[in-house]
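Student: Okay, handing you the structure first.
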Amino acid sequence: MKIAFFGECMVELSGQPLQRTFGGDTLNTALYLSRLGTSRDIAVSYATALGIDNISQDMLNAWVHENIETSMVCKLQNKLPGLYLVETEPNGERHFHYWRNDSAAKFYFASGTSPLEQAIEKHEFDALYISGISVAILAEDAKATLITLLEKHKAKGGKVLFDNNFRPQLWTSKQAQYWYSQVLPFVDIALITEDDDHLVWGQTDIIDRCQSFGCQEVVIKRGSEPCLVVSELQSAHPHESYIAANKVEKVIDTCAAGDSFAAGYLAGRLSGGSETTAAELGHQLASIVIQHPGAIIPADAMNDLM
C-alpha cells in the first residue's frame, strides 16, 4: 500500500529555552504512519513545497531518515517554510503563533504541473491524504486544482483520506464549509475532530452529513473521550463502534495528538485491520505522543507499536 500526503510542514519553536524542530498536521501523520508502516507494508510519500535554504534541506534529510519518499517535494526560489511558536500550559494544552503568510507550501501549484499531479496521472500511489489545513493554505485557484486532483485520483481507483483540521486563523467557517463540501464527495475515510467540526458546521449531525456526501467511513475524534467509528456508511446497515481512549496520568503536550491517532488508525485499516483494532492502535500511539514535548517524539518511544 502506497499513501501520499499533501500539506505544509513548518519550523516549530517550542520549549524553554526555545528549540527548533519541525511539524505540521499532515507531516506529523505521515511521519508516524511511516514508522508504523515499516512492518505493515505501507509506504509513505510527502508532497509539499520548501525553499532552497538550509532549514528546508534539514527537513528533507529528516524525512528521508524516517523513510518518507520525497520526490513530490518542490524546492522554490525566494520562499521559505512557515514558522510557528508553541506555548504549552501546565496541563499540556498549547497555544500556537504562526508566521506562514508567504510559506513555500502555499505556492505548490503555482508554477506548472506539480509532481503530485504527475504522480496521480501515472497512478503511482493507492491513497491520498489531505487535511482542512492542506486546503486552507492555498489560493482559490490552487484549491480548485487540488479538488480536480482528488477527482482524477478517485477516477483511477485511488482512495482519498481527509482530516477536517480547522484553523480559524486561516479562514472563516463559511469558507471551510464551502471547500469541505467540495472535498467530501471524494472521501473514503473521514477523520473528524468533533470540536473542529462544530466550529465549521455548528451542532449538526456529523454522520448524516458525511453519509450524504458519500463517505464510506467516518472516525469522530473526541480527545480523551471514546472515539466513534462508523463504517460501511453507504450500506443499508452501517457498523457503529465506540472505542475508549487510553488513560494517561500526566499529559506533557497535546501537540499532534489527533495527527498521531490518525496515523495509528490508518496503519491499522490500510493493513487490513478492523475498525476497533485500528482505533485502539490510534489511541495507543496518541497516548504515548502526549507524554512527550513537541509534535514529533523519538522513534524508540513507540517501539512497542512498530
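Starting from 1 in every chain, residues are counted up; chains themselves are A, B, ... following the order of the C-alpha cells, and ligands are numbered from 1 as listed.
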Using only C-alpha atoms, which residues sit within 10 Å of Val248 in chain A once same-chain residues fewer than 6 positions away are excluded, as a list in words?
Tutor: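 Neighbouring residues, sequence-local ones excluded: Ser224, Ala286, Ser287, Ile288, Ile290 and Gln291 of chain A.
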Student: Which is closest to Leu191 in chain A among A:Ser131, A:Thr204, A:Gln77, A:Thr113, if we use only C-alpha atoms?
Tutor: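 That would be A:Ser131, the residue with the smallest distance to Leu191 in chain A.
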Student: Each residue of range 241-267 of chain A lying at most 10 Å from range 156-171 of chain A should get a row with its shortest atom-to-atom pair and the distance in Å to one decimal, counting only C-alpha atoms; could you produce that, ordered by chain and increasing number, as CSV?
Tutor:
```
residue,atom,partner,partner_atom,distance
A:Gly258,CA,A:Asn165,CA,9.1
A:Asp259,CA,A:Asp163,CA,8.7
A:Ala262,CA,A:Asp163,CA,8.1
A:Leu266,CA,A:Leu161,CA,9.1
```
Student: Would you write out those residues with N, CA and C atoms, as a CSV table (one decimal), in the first residue's frame?
Tutor:
```
chain,number,residue,atom,x,y,z
A,258,GLY,N,-4.1,14.4,17.8
A,258,GLY,CA,-5.1,13.9,16.7
A,258,GLY,C,-4.3,13.4,15.5
A,259,ASP,N,-3.2,14.0,15.1
A,259,ASP,CA,-2.4,13.6,14.0
A,259,ASP,C,-1.9,12.2,14.2
A,262,ALA,N,-4.6,9.6,14.0
A,262,ALA,CA,-4.9,9.3,12.6
A,262,ALA,C,-3.9,8.3,12.0
A,266,LEU,N,-5.0,4.7,10.5
A,266,LEU,CA,-4.7,4.3,9.1
A,266,LEU,C,-3.8,3.2,9.0
```
Student: CA of Ser39 in chain A and CA of Pro115 in chain A, how far apart in Å?
Tutor: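 Atom-to-atom, CA of Pro115 in chain A to CA of Ser39 in chain A, that is 27.4 Å.
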Student: Give me, please, the distance in Å between CA of Ile55 in chain A and CA of Glu12 in chain A, quoted to one decimal.
Tutor: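 According to the coordinates, CA of Ile55 in chain A and CA of Glu12 in chain A are separated by 11.3 Å.
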Student: Pick from A:Gln175, A:Ser212, A:Thr193, A:Thr70: nearest to Glu225 in chain A, with only C-alpha atoms counted?
Tutor: A:Thr193
Student: So, with only C-alpha atoms as the atoms that count, which of A:Gly51, A:Gly223, A:Gly272, A:Gly132 lies closest to Gly24 in chain A?
Tutor: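 Going through A:Gly51, A:Gly223, A:Gly272, A:Gly132 one by one, the smallest distance to Gly24 in chain A is for A:Gly132.
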Student: Quick one: everything within 10 Å of Ile220 in chain A, counting only C-alpha atoms, minus sequence neighbours fewer than 2 positions away in the same chain. Send it as a VMD selection string.
Tutor: chain A and resid 190 to 195 197 206 to 207 218 222 to 223 226 to 230 242
Student: Which of these, A:Ala104, A:Leu305, A:Leu281, A:Ile3, has the shortest distance to Ile243 in chain A once you count only C-alpha atoms?
Tutor: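 Smallest separation from Ile243 in chain A among the options: A:Leu281.
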Student: Could you tell me which of A:Met59, A:Ser241, A:Leu13, A:Lys250 comes closest to Ala279 in chain A if we count only C-alpha atoms?
Tutor: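 Nearest to Ala279 in chain A: A:Ser241.
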Student: Could you give me, as number ranges by chain, each residue of range 87-233 of chain A that DSSP assigns to alpha helix (DSSP H) when run on this structure's backbone?
Tutor: A: 115-121, 132-136, 140-155, 173-183, 194-201, 206-213
Student: Which residue out of A:Gln234, A:Asn67, A:Ser103, A:Ser111 has the minimum interatomic distance to Leu31 in chain A when only C-alpha atoms are used?
Tutor: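 Nearest to Leu31 in chain A: A:Asn67.
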Student: Within 10 Å of Ala47 in chain A, counting only C-alpha atoms, which residues show up once you throw out same-chain ones fewer than 3 positions away? Write them as a list in words, please.
Tutor: Ala4, Phe5, Phe6, Gly7, Glu8, Cys9, Thr26, Leu27, Leu50, Glu69, Thr70, Ser71, Met72, Val73, Cys74, Ala105, Tyr108, Ser114, Pro115 and Leu116 of chain A
Student: May I have the residues within 6 Å of range 135-148 of chain A as a list in words, using only C-alpha atoms and disregarding those fewer than 2 positions away in the same chain?
Tutor: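 Surrounding residues, per the criterion: Lys106, Phe109, Gly132, Ile133, Leu150 and Glu151 of chain A.
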Student: Using the selection just defined, write its residues with N, CA and C atoms as a compact mmCIF listing (two decimals), in the first residue's frame.
Tutor:
```
# COMPACT_ATOMS: atom_id res chain seq x y z
N LYS A 106 2.30 27.19 0.19
CA LYS A 106 1.14 27.85 -0.40
C LYS A 106 1.25 27.95 -1.92
N PHE A 109 1.21 24.67 -6.27
CA PHE A 109 0.57 24.51 -7.58
C PHE A 109 0.73 25.74 -8.47
N GLY A 132 -7.92 19.69 6.29
CA GLY A 132 -8.51 21.01 6.13
C GLY A 132 -7.45 22.09 5.98
N ILE A 133 -6.33 21.91 6.66
CA ILE A 133 -5.23 22.88 6.56
C ILE A 133 -4.58 22.81 5.18
N LEU A 150 -8.20 15.39 -6.68
CA LEU A 150 -8.95 14.37 -5.93
C LEU A 150 -9.85 13.60 -6.88
N GLU A 151 -10.52 14.33 -7.77
CA GLU A 151 -11.44 13.69 -8.73
C GLU A 151 -10.68 12.73 -9.64
```
Student: Determine which residues of range 23-260 of chain A receive a DSSP assignment of strand (DSSP E or B), computed from the backbone, and state them as a VMD selection string.
Tutor: chain A and resid 23 43 to 47 49 to 50 68 to 69 74 to 75 80 83 to 88 94 to 99 103 127 to 131 159 to 163 189 to 193 217 to 221 227 to 231 239 to 243
Student: Just give me the gap between CA of Ile297 in chain A and CA of Asp196 in chain A in Å, one decimal is fine.
Tutor: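 Spanning CA of Ile297 in chain A to CA of Asp196 in chain A is a straight-line distance of 24.3 Å.
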